[in-house]
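Chemist: Sharing a structure here in C-alpha cells format.
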Amino acid sequence: MLSYQHLYHAGNAADVHKHAALAVALDYLTRKDKPLSYIETHAGRGLYDLDAPEAVKTGEAAQGITRLQDQFPKDHPYTKALAAQTDHLYPGSPAIARALLRPTDTLHLAELHPQEYAALRNNLRAPNVHTYQQDGLAVAQSLCPPTPRRGLMLVDPSYEIKADYSQIPKWLGALTKKWNVGVVMIWYPILTSGAHRPMLRGLQTAHPEALTHEVHFPPARDGHRMVGSGLFIVNPPFGIGPVLKPLAAMFRKLT
C-alpha cells in the first residue's frame, strides 16, 4: 500500500514481538556454518529515527521499545541487534537481519513504496544485500527456491488492504510447494475486530505443523485498535517455541 509508512509505527509493541522472534530464529540458523538466504516481502526503510515527528506523533514507540527494551537479557539476540545500531536509530527487520547474518549469507529485501525504497537502499548498502522496488509477495515467489536453499522469509504486510488477509493463505500454499524447507514467518496484527481470525484458521488448517505465537498488550492510545501481535511460523527452528514463551509474560507487564 503506497500510502503506508512504517515510521509512524516503528518500535511499537508489535515490532518488538516480531523483531525479537526474528532475532531468535536467525541466531539459531546461523549456528550452523552454512550460508543461508533471508527474504523480506515488506522491508520498509530498514532504519527509523524514533525522534522524528511522525514517530512521536503516534506515541507507539514510547509504549513499545521504550518500555520493553530493558526487559531483554543482555545476551538476547534482539539486544545484540539493537546494540549494533548507531545514532539512536531503531532497526527494522532488514537491519536486524543484517546485524545478525554473516557476509556469506544473502539478503533479498522488497519494498514497493518509492520513498521507503530509496531510504532502504541507502540504509542497507552491502555486497550481500539485494533490494527490489516491486510487490514483495511476487518477488518472494520469483526467488523461491532461493540460493542458498536454506533460509528464512519474513512476511509482514500492513494489512491496511483487507485483501491481504485472504491472499496470504493462497500465496503461502504456492510458496511452500516450491520451497518446502524454508522457515516462513508471517506476522499479523491482533485487532479488536478479530480480522485476522479467518486467515489464521486457514493457515493452521493447511499447515498443521506450523507454530503460532501471540502476545497481547493494551492499545497504544485511546481508540487504537491493535491489542496484540501474532506470528505464524512454517518450519519453525527446533526449540524456538520455549525460547519465545517468556515474551508473552513480558508483554503482559505493559498492562
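Labeling convention for the C-alpha cells: chains A, B, ... as they appear, residues from 1 per chain, ligands from 1 in order of appearance.
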I want to know what sits within 6 Å of stretch 189-194 of chain A, based on only C-alpha atoms, with residues of the same chain fewer than 5 positions away left out; could you give that as a list in words?

Modeler: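 Returned residues: Arg225, Met226, Val227, Gly228 and Ser229 of chain A.
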
Chemist: Step one, run DSSP on the backbone; step two, keep only residues of stretch 123-244 of chain A assigned to alpha helix (DSSP H); then write them as a PyMOL selection string.

Modeler: chain A and resi 123+136-143+163-178+197-206+240-244

Chemist: Counting only C-alpha atoms, which residues in stretch 39-114 of chain A sit no more than 10 Å from stretch 142-151 of chain A? For each one, give the nearest pair of atoms and the distance in Å, sorted by chain then residue number, as JSON lines.

Modeler:
```
{"residue": "A:Ile39", "atom": "CA", "partner": "A:Gly151", "partner_atom": "CA", "distance": 8.1}
{"residue": "A:Thr104", "atom": "CA", "partner": "A:Pro148", "partner_atom": "CA", "distance": 9.9}
{"residue": "A:Asp105", "atom": "CA", "partner": "A:Pro148", "partner_atom": "CA", "distance": 8.1}
{"residue": "A:Thr106", "atom": "CA", "partner": "A:Pro148", "partner_atom": "CA", "distance": 7.9}
{"residue": "A:Leu107", "atom": "CA", "partner": "A:Gly151", "partner_atom": "CA", "distance": 9.8}
{"residue": "A:His108", "atom": "CA", "partner": "A:Leu143", "partner_atom": "CA", "distance": 8.8}
```

Chemist: Okay, now the selection with C-alpha atoms, as an mmCIF file, in the first residue's frame?

Modeler:
```
data_model
loop_
_atom_site.group_PDB
_atom_site.id
_atom_site.type_symbol
_atom_site.label_atom_id
_atom_site.label_comp_id
_atom_site.auth_asym_id
_atom_site.auth_seq_id
_atom_site.Cartn_x
_atom_site.Cartn_y
_atom_site.Cartn_z
ATOM 1 C CA ILE A 39 13.936 -12.809 2.121
ATOM 2 C CA THR A 104 28.305 -15.387 3.355
ATOM 3 C CA ASP A 105 24.513 -15.039 3.765
ATOM 4 C CA THR A 106 22.329 -13.365 1.146
ATOM 5 C CA LEU A 107 19.587 -10.830 1.862
ATOM 6 C CA HIS A 108 16.700 -10.087 -0.537
#
```

Chemist: Could you give me, as CSV, a per-residue list for stretch 148-246 of chain A showing, wherever an atom lies at most 12 Å from an atom of stretch 16-24 of chain A, the closest pair of atoms and their distance in Å to one decimal, using only C-alpha atoms and sorting by chain then residue number from low to high?

Modeler:
```
residue,atom,partner,partner_atom,distance
A:Leu152,CA,A:Leu22,CA,9.2
A:Met153,CA,A:Leu22,CA,9.7
A:Leu154,CA,A:Leu22,CA,8.1
A:Val155,CA,A:Lys18,CA,10.5
A:Asp156,CA,A:Lys18,CA,9.1
A:Val183,CA,A:Leu22,CA,10.6
A:Val184,CA,A:Leu22,CA,10.5
A:Met185,CA,A:Leu22,CA,8.1
A:Ile186,CA,A:Lys18,CA,9.4
A:Trp187,CA,A:Lys18,CA,7.0
A:Tyr188,CA,A:Lys18,CA,9.4
A:Pro189,CA,A:Lys18,CA,10.4
A:Leu211,CA,A:Ala21,CA,11.9
A:Thr212,CA,A:Ala21,CA,11.7
A:His213,CA,A:Ala21,CA,9.3
A:Glu214,CA,A:His17,CA,8.6
A:Val215,CA,A:His17,CA,7.4
A:His216,CA,A:His17,CA,9.8
A:Phe217,CA,A:His17,CA,10.6
A:Gly228,CA,A:His17,CA,9.3
A:Ser229,CA,A:His17,CA,6.9
A:Gly230,CA,A:Lys18,CA,8.0
A:Leu231,CA,A:Lys18,CA,7.3
A:Phe232,CA,A:Lys18,CA,10.6
A:Ile233,CA,A:Ala21,CA,10.1
A:Pro236,CA,A:Ala21,CA,10.8
A:Pro237,CA,A:Val24,CA,9.3
A:Phe238,CA,A:Val24,CA,11.2
A:Gly239,CA,A:Val24,CA,10.3
A:Ile240,CA,A:Val24,CA,7.4
A:Gly241,CA,A:Ala21,CA,9.8
A:Pro242,CA,A:Val24,CA,11.2
A:Val243,CA,A:Val24,CA,7.9
A:Leu244,CA,A:Ala21,CA,6.7
A:Lys245,CA,A:Ala21,CA,10.2
A:Pro246,CA,A:His17,CA,11.1
```

Chemist: May I have the residues from that selection written out with C-alpha atoms, as a short mmCIF file (atom, residue, chain, number, x, y, z; two decimals), in the first residue's frame?

Modeler:
```cif
data_model
loop_
_atom_site.label_atom_id
_atom_site.label_comp_id
_atom_site.auth_asym_id
_atom_site.auth_seq_id
_atom_site.Cartn_x
_atom_site.Cartn_y
_atom_site.Cartn_z
CA LEU A 152 14.16 -17.66 6.34
CA MET A 153 11.46 -15.41 4.91
CA LEU A 154 9.62 -12.68 6.80
CA VAL A 155 6.19 -11.64 5.54
CA ASP A 156 4.67 -8.62 7.29
CA VAL A 183 11.38 -21.01 7.55
CA VAL A 184 8.49 -18.68 6.73
CA MET A 185 7.39 -16.19 9.38
CA ILE A 186 4.07 -14.45 8.74
CA TRP A 187 3.24 -11.56 11.03
CA TYR A 188 -0.32 -10.40 11.63
CA PRO A 189 -1.90 -7.76 13.88
CA LEU A 211 3.90 -22.68 15.15
CA THR A 212 1.50 -19.92 16.16
CA HIS A 213 2.85 -17.43 18.70
CA GLU A 214 0.87 -14.46 20.00
CA VAL A 215 1.35 -11.72 22.58
CA HIS A 216 -1.23 -9.27 23.86
CA PHE A 217 -0.87 -5.71 25.07
CA GLY A 228 -1.76 -7.86 20.17
CA SER A 229 0.71 -9.31 17.70
CA GLY A 230 0.87 -12.75 16.11
CA LEU A 231 3.38 -14.86 14.21
CA PHE A 232 2.63 -17.93 12.15
CA ILE A 233 5.88 -19.81 11.54
CA PRO A 236 9.94 -23.28 12.93
CA PRO A 237 13.55 -23.73 14.04
CA PHE A 238 13.90 -26.55 16.53
CA GLY A 239 13.28 -25.41 20.09
CA ILE A 240 12.11 -21.89 19.22
CA GLY A 241 8.74 -22.34 20.96
CA PRO A 242 10.12 -22.49 24.52
CA VAL A 243 12.50 -19.62 23.78
CA LEU A 244 9.62 -17.40 22.66
CA LYS A 245 7.34 -18.38 25.52
CA PRO A 246 8.70 -15.79 28.02
#
```

Chemist: So what do you get for atom CA of A:Ala248 versus atom CA of A:Ala210, distance-wise?

Modeler: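 The value is 18.4 Å.
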
Chemist: Determine the nearest neighbour of A:Tyr48 from the options A:Tyr8, A:Trp171, A:Tyr117, A:Tyr78, counting only C-alpha atoms.

Modeler: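 Of all the options, A:Tyr8 lies closest to A:Tyr48.
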
Chemist: According to DSSP computed on the backbone, where in stretch 25-250 of chain A is there strand (DSSP E)? Give the residues as number ranges by chain.

Modeler: A: 37-40, 47-49, 89-91, 106-110, 129-132, 151-155, 183-191, 211-216, 226-234

Chemist: Would you export the selected residues with C-alpha atoms as a compact mmCIF listing (two decimals), in the first residue's frame, please?

Modeler:
```txt
# COMPACT_ATOMS: atom_id res chain seq x y z
CA SER A 37 19.05 -16.80 2.33
CA TYR A 38 16.97 -14.12 4.02
CA ILE A 39 13.94 -12.81 2.12
CA GLU A 40 11.66 -9.99 3.26
CA LEU A 47 16.16 2.10 9.96
CA TYR A 48 13.91 4.53 11.85
CA ASP A 49 14.50 7.74 13.78
CA LEU A 89 18.11 4.70 15.23
CA TYR A 90 15.68 1.83 15.69
CA PRO A 91 16.41 -1.17 13.44
CA THR A 106 22.33 -13.37 1.15
CA LEU A 107 19.59 -10.83 1.86
CA HIS A 108 16.70 -10.09 -0.54
CA LEU A 109 14.60 -7.07 0.51
CA ALA A 110 11.47 -5.92 -1.32
CA VAL A 129 22.10 -7.20 0.15
CA HIS A 130 19.77 -7.14 -2.87
CA THR A 131 16.81 -4.73 -2.96
CA TYR A 132 13.71 -4.75 -5.16
CA GLY A 151 16.94 -19.79 4.92
CA LEU A 152 14.16 -17.66 6.34
CA MET A 153 11.46 -15.41 4.91
CA LEU A 154 9.62 -12.68 6.80
CA VAL A 155 6.19 -11.64 5.54
CA VAL A 183 11.38 -21.01 7.55
CA VAL A 184 8.49 -18.68 6.73
CA MET A 185 7.39 -16.19 9.38
CA ILE A 186 4.07 -14.45 8.74
CA TRP A 187 3.24 -11.56 11.03
CA TYR A 188 -0.32 -10.40 11.63
CA PRO A 189 -1.90 -7.76 13.88
CA ILE A 190 -4.41 -8.73 16.53
CA LEU A 191 -7.14 -6.11 16.23
CA LEU A 211 3.90 -22.68 15.15
CA THR A 212 1.50 -19.92 16.16
CA HIS A 213 2.85 -17.43 18.70
CA GLU A 214 0.87 -14.46 20.00
CA VAL A 215 1.35 -11.72 22.58
CA HIS A 216 -1.23 -9.27 23.86
CA MET A 226 -4.30 -3.14 17.80
CA VAL A 227 -4.21 -5.11 21.04
CA GLY A 228 -1.76 -7.86 20.17
CA SER A 229 0.71 -9.31 17.70
CA GLY A 230 0.87 -12.75 16.11
CA LEU A 231 3.38 -14.86 14.21
CA PHE A 232 2.63 -17.93 12.15
CA ILE A 233 5.88 -19.81 11.54
CA VAL A 234 6.19 -22.59 8.96
```

Chemist: What is the atom CA of A:Val56-atom CA of A:Ala13 distance in Å, reported with one decimal?

Modeler: 14.6 Å

Chemist: Figure out the distance between atom CA of A:Ala43 and atom CA of A:Thr205, please, to one decimal in Å.

Modeler: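 Atom-to-atom, atom CA of A:Thr205 and atom CA of A:Ala43 are spaced 27.7 Å apart.
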
Chemist: Determine, counting only C-alpha atoms, which protein, DNA and RNA residues have an atom within 10 Å of an atom of stretch 159-166 of chain A; residues of the same chain fewer than 2 positions away are not included. Present the result as a PyMOL selection string.

Modeler: chain A and resi 1+3-4+156-157+168-171+187-189+195-200+202

Chemist: Okay, now the selection with C-alpha atoms, as a PDB file, in the first residue's frame?

Modeler:
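Generated output (again25.pdb):
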```pdb
ATOM      1  CA  MET A   1       0.000   0.000   0.000  1.00  0.00           C
ATOM      2  CA  SER A   3       0.159   5.415   1.455  1.00  0.00           C
ATOM      3  CA  TYR A   4       1.597   3.329   4.304  1.00  0.00           C
ATOM      4  CA  ASP A 156       4.671  -8.622   7.289  1.00  0.00           C
ATOM      5  CA  PRO A 157       2.153  -6.644   5.233  1.00  0.00           C
ATOM      6  CA  ILE A 168      -1.802 -14.724   2.298  1.00  0.00           C
ATOM      7  CA  PRO A 169      -3.032 -18.349   2.757  1.00  0.00           C
ATOM      8  CA  LYS A 170      -3.243 -18.958  -1.014  1.00  0.00           C
ATOM      9  CA  TRP A 171       0.120 -17.295  -1.554  1.00  0.00           C
ATOM     10  CA  TRP A 187       3.240 -11.555  11.029  1.00  0.00           C
ATOM     11  CA  TYR A 188      -0.324 -10.403  11.628  1.00  0.00           C
ATOM     12  CA  PRO A 189      -1.905  -7.756  13.876  1.00  0.00           C
ATOM     13  CA  ALA A 195      -9.977  -9.533  11.357  1.00  0.00           C
ATOM     14  CA  HIS A 196      -7.057 -11.971  11.478  1.00  0.00           C
ATOM     15  CA  ARG A 197      -9.049 -14.982  12.670  1.00  0.00           C
ATOM     16  CA  PRO A 198     -10.325 -16.399   9.339  1.00  0.00           C
ATOM     17  CA  MET A 199      -6.836 -16.057   7.851  1.00  0.00           C
ATOM     18  CA  LEU A 200      -5.229 -17.763  10.827  1.00  0.00           C
ATOM     19  CA  GLY A 202      -6.959 -21.179   7.071  1.00  0.00           C
TER      20      GLY A 202
END
```

Chemist: Determine, counting only C-alpha atoms, which protein, DNA and RNA residues have an atom within 10 Å of an atom of A:Gln69; residues of the same chain fewer than 3 positions away are not included. Present the result as a PyMOL selection string.

Modeler: chain A and resi 16+64-66+72-73+78-79+82
